[in-house]
Amino acid sequence: MAIWQGRPKRKPSGGRLRLARKKRKFEVGREKQFTHLGAPKVKMYRTKGANMKARLLMVDTANVVDPKTKAIKKVKILTVKTNPSNPNYVQRNIMTKGATVMTELGEAVITSRCGQDGVVNAMLLKAEGSS
């Protein structure tokens with residue numbers, strides 16, 4: 001069964017909605033595919049208007065910005081520390097927006113949507129060696 005992102009069959013009150021039309025192709029969603037830690041792998045998707053969306057399936061580097069110096073560096077991701085989306089994502093090294101990752105510079109929080117933007121941008125929280 002396909003993932004459908006159209007109108008529901010019920011009102012917020014619980015009453016039944018009688019839909020005036022069938023499902024449309026543009027309302028079909030996609031299966032979840034997570035961004036894991038590993039050798040870079042990107043999957044391209046065609047979206048509405050013949051535009052393209054890059055979905056990161058695997059990545060091992062991130063563009064990390066240091067808020068003190070405003071410098072941006074491309075650094076290696078070592079592991080996923082926390083993920084507010086789902087605690088089980090930490091064990092599986094799945095990265096989403098808001099996840100805290102350990103990099104060569106220190107802990108950083110991901111600010112980009114990896115499954116939509118095709119890039120991992122992060123902001124440094126704690127530098128390595130400082131407490």
# chains A, B, ... in the order shown; residues from 1 in each chain; ligands from 1
call {"tool": "residues_around", "arguments": {"residues": "Met123 in chain A", "least_positions_apart": "2", "cutoff": "9 Å", "atoms": "only C-alpha atoms", "output": "ChimeraX atom specification"}}
result
/A:63-67,107-111,121,125
call {"tool": "write_last_selection", "arguments": {"atoms": "C-alpha atoms", "output": "short mmCIF file (atom, residue, chain, number, x, y, z; two decimals), in the first residue's frame"}}
result
data_model
loop_
_atom_site.label_atom_id
_atom_site.label_comp_id
_atom_site.auth_asym_id
_atom_site.auth_seq_id
_atom_site.Cartn_x
_atom_site.Cartn_y
_atom_site.Cartn_z
CA ASN A 63 30.07 21.19 6.90
CA VAL A 64 30.57 22.42 10.47
CA VAL A 65 30.38 26.09 11.41
CA ASP A 66 32.14 27.36 14.55
CA PRO A 67 29.85 30.02 16.09
CA GLU A 107 30.16 17.78 19.19
CA ALA A 108 27.92 19.41 16.58
CA VAL A 109 24.17 19.57 16.00
CA ILE A 110 22.83 18.96 12.47
CA THR A 111 20.91 21.96 11.08
CA ASN A 121 25.36 21.14 7.73
CA LEU A 125 28.45 22.81 20.29
#
call {"tool": "select_by_dssp", "arguments": {"residues": "chain A", "states": "helix (DSSP H, G or I)", "output": "ChimeraX atom specification"}}
result
/A:25-27,48-50,88-91,114-117
call {"tool": "write_last_selection", "arguments": {"atoms": "N, CA and C atoms", "output": "CSV table (one decimal), in the first residue's frame"}}
result
chain,number,residue,atom,x,y,z
A,25,LYS,N,-1.8,11.2,-8.2
A,25,LYS,CA,-0.4,10.8,-8.2
A,25,LYS,C,0.5,11.7,-7.3
A,26,PHE,N,0.2,13.1,-7.4
A,26,PHE,CA,1.0,14.0,-6.7
A,26,PHE,C,0.8,13.9,-5.2
A,27,GLU,N,-0.2,13.2,-4.7
A,27,GLU,CA,-0.4,13.0,-3.3
A,27,GLU,C,0.3,11.8,-2.7
A,48,LYS,N,7.9,17.7,-8.2
A,48,LYS,CA,7.0,18.4,-9.0
A,48,LYS,C,7.7,19.5,-9.8
A,49,GLY,N,7.3,19.7,-11.1
A,49,GLY,CA,7.9,20.7,-11.9
A,49,GLY,C,9.3,20.3,-12.5
A,50,ALA,N,9.5,19.0,-12.5
A,50,ALA,CA,10.7,18.4,-13.0
A,50,ALA,C,12.0,18.8,-12.3
A,88,ASN,N,16.4,5.1,19.2
A,88,ASN,CA,17.0,4.0,18.5
A,88,ASN,C,17.9,4.3,17.3
A,89,TYR,N,17.7,5.6,16.8
A,89,TYR,CA,18.6,6.0,15.7
A,89,TYR,C,20.0,6.1,16.1
A,90,VAL,N,20.3,6.3,17.4
A,90,VAL,CA,21.7,6.5,17.8
A,90,VAL,C,22.5,5.2,17.6
A,91,GLN,N,21.9,4.1,18.0
A,91,GLN,CA,22.5,2.8,17.8
A,91,GLN,C,22.8,2.4,16.3
A,114,CYS,N,18.9,16.2,5.9
A,114,CYS,CA,19.8,15.4,5.1
A,114,CYS,C,19.0,14.7,4.0
A,115,GLY,N,17.8,14.2,4.2
A,115,GLY,CA,17.0,13.5,3.3
A,115,GLY,C,16.4,14.4,2.2
A,116,GLN,N,16.5,15.7,2.3
A,116,GLN,CA,15.9,16.6,1.3
A,116,GLN,C,17.0,17.6,0.7
A,117,ASP,N,18.0,18.0,1.5
A,117,ASP,CA,18.9,18.9,1.0
A,117,ASP,C,20.1,18.3,0.3
call {"tool": "residues_around", "arguments": {"residues": "range 100-105 of chain A", "least_positions_apart": "3", "cutoff": "7 Å", "atoms": "only C-alpha atoms", "output": "VMD selection string"}}
result
chain A and resid 75 to 83 108 to 110 127 to 128
call {"tool": "select_by_dssp", "arguments": {"residues": "range 17-85 of chain A", "states": "strand (DSSP E or B)", "output": "number ranges by chain"}}
result
A: 28, 35-37, 41-46, 52-59, 61-65, 72-82
call {"tool": "closest_residue", "arguments": {"among": "A:Lys126, A:Pro8, A:Leu19, A:Val120", "to": "Thr35 in chain A", "atoms": "only C-alpha atoms"}}
result
A:Val120
call {"tool": "closest_residue", "arguments": {"among": "A:Asn86, A:Gly14, A:Gly29, A:Val119", "to": "Thr61 in chain A", "atoms": "only C-alpha atoms"}}
result
A:Val119
call {"tool": "closest_residue", "arguments": {"among": "A:Lys97, A:Ala2, A:Met52, A:Lys68", "to": "Glu31 in chain A", "atoms": "only C-alpha atoms"}}
result
A:Ala2
call {"tool": "closest_residue", "arguments": {"among": "A:Arg18, A:Met95, A:Val28, A:Leu56", "to": "Gln5 in chain A", "atoms": "only C-alpha atoms"}}
result
A:Val28
call {"tool": "atom_distance", "arguments": {"atom1": "CA of Lys74 in chain A", "atom2": "CA of Ala54 in chain A"}}
result
18.9 Å
